[in-house]
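Working notes, beginning with the structure itself.
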Amino acid sequence: MWLALGVPPRAVAKGLSDELEKGRRLCAKRAWADAYKVLTSLDQVDALGAEDLELLATAAWMVGRDDDVVSALERAQRLHVERGVPLGAVKCHFSLYINLALRGEMGAADGWISRSHRLVAGQEQDCLEHGWLQVPVAFENLEGTGDFDAAYDAAGTAADLGARFHDTDLHVFAVHMQGHARIQQGRVAEGLRLLDEAMVSVAAGEVSPVLTGLIYCSVIGGCHEAFALRRAHEWTMALSRWCADQPDMVAFSGQCLIHRAEILQLHGTWRDALQEARRACERFGLGMNELAAAEALYRQGEIHRLQGDYAGAEEAYRDASRGGFEPQPGLALLRLAQGNGEAAAATSRRLVGEAAGPAVRAKFLPAHVEIMLAVGDLEAARRASAELDEMSAGHPSEMLEAIAAQARAAVHLAEGDAPAALAALRTASHVWQDLGTPYEAARVRVLMGLTCRALGDQDTAQLELESARGAFERLGAEPDIARVDSILTPEAPAAAPTDRFGLTARELAVLRLVAQGRSNRDIAASLFISEHTVARHVHNIFAKLGVSSRAAAGAFAFGHDLV
């Protein structure tokens, strides 16, 4: 174009060279939007070599232009092959593999790795190229076959080759994969040490930008899987700072917001957590990452459920499912809250039956204990609680210790062993307070109140329940507020006001749930009383109202404005 306008060739070359240096400087400064604009303009006049096409791919990745990432990397690898630089081509193939795999295009992703194998066939097995080709092997065993020993070995080979050939990207990425393999094996302390080792290099800026973002998000996810809340918080804050230094970055900023939302939820700032989850959806919309957006929707559903916005939770869970993210165990807990214990139990049993590996099972077992107790399957709750205890015994996580203790206490209380429940609750209460998780701490106080009531200590029970209610009120946990209110409501005297037809306050609460079509089992779970007590209340209600069926009792309640 410039030649057509009469610009001398030397001036054209000088102008292109200056623009190319500008694009490189913008990448070094992490000004990704401007770098992408400059390098794209140069690419339109064929001014980019292989290395600069890789820079364009990086800038495109960081601003969420995935199709341009693939196009630039495809052309870069071709130039590397033409120049006889197999390592450059293999690195491009690896980047293509990661980008396409994250988009769910595994056929194309595997195709590029197959091309790499053909390219390096006949070379020594300890060359750096073979190190990069071990990463997809580790990934497949981690995420596909579940052979965590094979994953650890493949990642270990890659890490050793990366260290031997001074390739920091390969070494650090492989070490972080070794950490994931160890966590999945149940060797959590060792796994977390490996993740920390990788993060030291990442935080020091020794790793390339795309792998930095990938490792940040992967390590934080691993910390959540391992119930390492303090580490997850620490690395999430570091990721937040890294994202803040690159305000025009689209990639990874959405994942950062999801992690922030989860941490904020745990620490009780639910309004901010919901806002961050919504921002994550917006970010992922820019990057067209449907699965990641679905994860953000699941986080929104969790907060809606805890706040009592069941319609909002239902919608978010369904949208998450449409995006490819299984909305569990949140959806099962929503069904329980809605009074559909049978559906909740069926889903929970399926999840626990399918779950393989301690990290995955630990995700579902706490909800399984809660649901099984609610539907009266004490034996299933007991088994799940025992499994959590076993996991916690060999696990360095305070959070998992508290989860296991809380589940154990709930089972003991259901068994009628209040002293054993009290001992477990003291452990859980101490840990939740130390971790700064007000919702879980308040749930423990509810159990503490019920346990003290079972032991005849009414004053302490009242104090624990009132404290729990105050915490739920500050959080905006409407379902929990209602549940505590139903426990705190005193029984009315026998000579109740005539407009209640002789019903006590507790009988009136039971009648309202009967009128909603709730079973005795569901009512017991909602009011934190036994099914036997519910049956006694129902018998008394029938006698006082002069009815002989649950349908008639419900009709009476609606007809006399008792609901």
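Residues are named by chain letter and number: chains run A, B, ... in the order of the structure tokens, numbers start at 1 in each chain, and ligands are numbered from 1 in the order shown.
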Exercise. Please provide the set of residues having any atom within 12 Å of Gln123 in chain A, restricted to only C-alpha atoms, with same-chain residues fewer than 6 positions apart removed, written as a ChimeraX atom specification.
Key: /A:86-87,116-117,129-130
- prompt: Which residues, written as a PyMOL selection string, have at least one atom at most 10 Å from Gln275 in chain A, with only C-alpha atoms counted and residues fewer than 3 positions away on the same chain left out?
  reply: chain A and resi 257+261+270-272+278-280+300
Neighbouring residues of Ile403 in chain A were defined as those with any atom within 8 Å, considering only C-alpha atoms; residues of the same chain fewer than 2 positions away were excluded. Please report them as an mmCIF file with C-alpha atoms, in the first residue's frame.
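So the final result, stored in out_32.cif, reads:
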data_model
loop_
_atom_site.group_PDB
_atom_site.id
_atom_site.type_symbol
_atom_site.label_atom_id
_atom_site.label_comp_id
_atom_site.auth_asym_id
_atom_site.auth_seq_id
_atom_site.Cartn_x
_atom_site.Cartn_y
_atom_site.Cartn_z
ATOM 1 C CA PRO A 366 -20.730 -33.205 53.205
ATOM 2 C CA LEU A 388 -14.901 -37.888 55.764
ATOM 3 C CA MET A 399 -11.188 -26.929 56.662
ATOM 4 C CA LEU A 400 -11.677 -30.631 55.970
ATOM 5 C CA GLU A 401 -11.208 -31.322 59.681
ATOM 6 C CA ALA A 405 -16.307 -32.906 62.636
ATOM 7 C CA GLN A 406 -19.527 -31.097 61.735
ATOM 8 C CA ALA A 407 -20.835 -34.105 59.803
ATOM 9 C CA ALA A 428 -15.696 -27.625 64.173
#
Which residues are close to range 131-142 of chain A, i.e. within 8 Å by only C-alpha atoms, leaving aside same-chain residues fewer than 3 positions away? Reply as an NGL selection string. :A and (90-91 or 94 or 113 or 116-117 or 126-128 or 145-148 or 150-155 or 157-159 or 161-162 or 170 or 174 or 177 or 180-181)
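The space separating CA of Asp169 in chain A from CA of Val207 in chain A comes to 5.4 Å.
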Subject >> Selection: 9 Å around Arg521 in chain A, only C-alpha atoms, excl. self and same-chain fewer than 2 positions, as an NGL selection string >> reply: :A and (341 or 374-376 or 518-519 or 523-526 or 530-531 or 534)
Restricting the output to N, CA and C atoms, write the selected residues as a short mmCIF file (atom, residue, chain, number, x, y, z; two decimals), in the first residue's frame.
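Result saved to out-v3.cif:
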data_model
loop_
_atom_site.label_atom_id
_atom_site.label_comp_id
_atom_site.auth_asym_id
_atom_site.auth_seq_id
_atom_site.Cartn_x
_atom_site.Cartn_y
_atom_site.Cartn_z
N GLY A 341 -37.28 -34.11 49.30
CA GLY A 341 -36.19 -34.92 49.81
C GLY A 341 -35.87 -36.12 48.94
N ALA A 374 -31.60 -35.86 56.46
CA ALA A 374 -32.91 -35.24 56.26
C ALA A 374 -33.96 -36.25 55.82
N VAL A 375 -33.54 -37.26 55.04
CA VAL A 375 -34.51 -38.25 54.57
C VAL A 375 -34.56 -39.48 55.46
N GLY A 376 -33.80 -39.45 56.55
CA GLY A 376 -33.90 -40.54 57.52
C GLY A 376 -33.04 -41.75 57.23
N ARG A 518 -45.80 -31.39 52.40
CA ARG A 518 -44.53 -31.92 52.87
C ARG A 518 -44.74 -33.21 53.65
N SER A 519 -43.83 -34.16 53.50
CA SER A 519 -43.89 -35.41 54.24
C SER A 519 -43.38 -35.21 55.67
N ILE A 523 -40.65 -32.47 56.99
CA ILE A 523 -40.99 -31.55 58.09
C ILE A 523 -39.98 -31.68 59.21
N ALA A 524 -39.60 -32.91 59.53
CA ALA A 524 -38.60 -33.12 60.59
C ALA A 524 -37.30 -32.42 60.25
N ALA A 525 -36.86 -32.51 58.98
CA ALA A 525 -35.62 -31.85 58.56
C ALA A 525 -35.73 -30.34 58.64
N SER A 526 -36.88 -29.80 58.25
CA SER A 526 -37.07 -28.35 58.26
C SER A 526 -37.10 -27.77 59.67
N SER A 530 -37.48 -34.80 65.38
CA SER A 530 -37.52 -36.17 64.87
C SER A 530 -38.83 -36.43 64.13
N GLU A 531 -38.82 -37.46 63.28
CA GLU A 531 -40.04 -37.86 62.59
C GLU A 531 -41.10 -38.32 63.60
N VAL A 534 -42.83 -35.30 64.82
CA VAL A 534 -43.73 -34.78 63.78
C VAL A 534 -45.02 -35.61 63.76
#
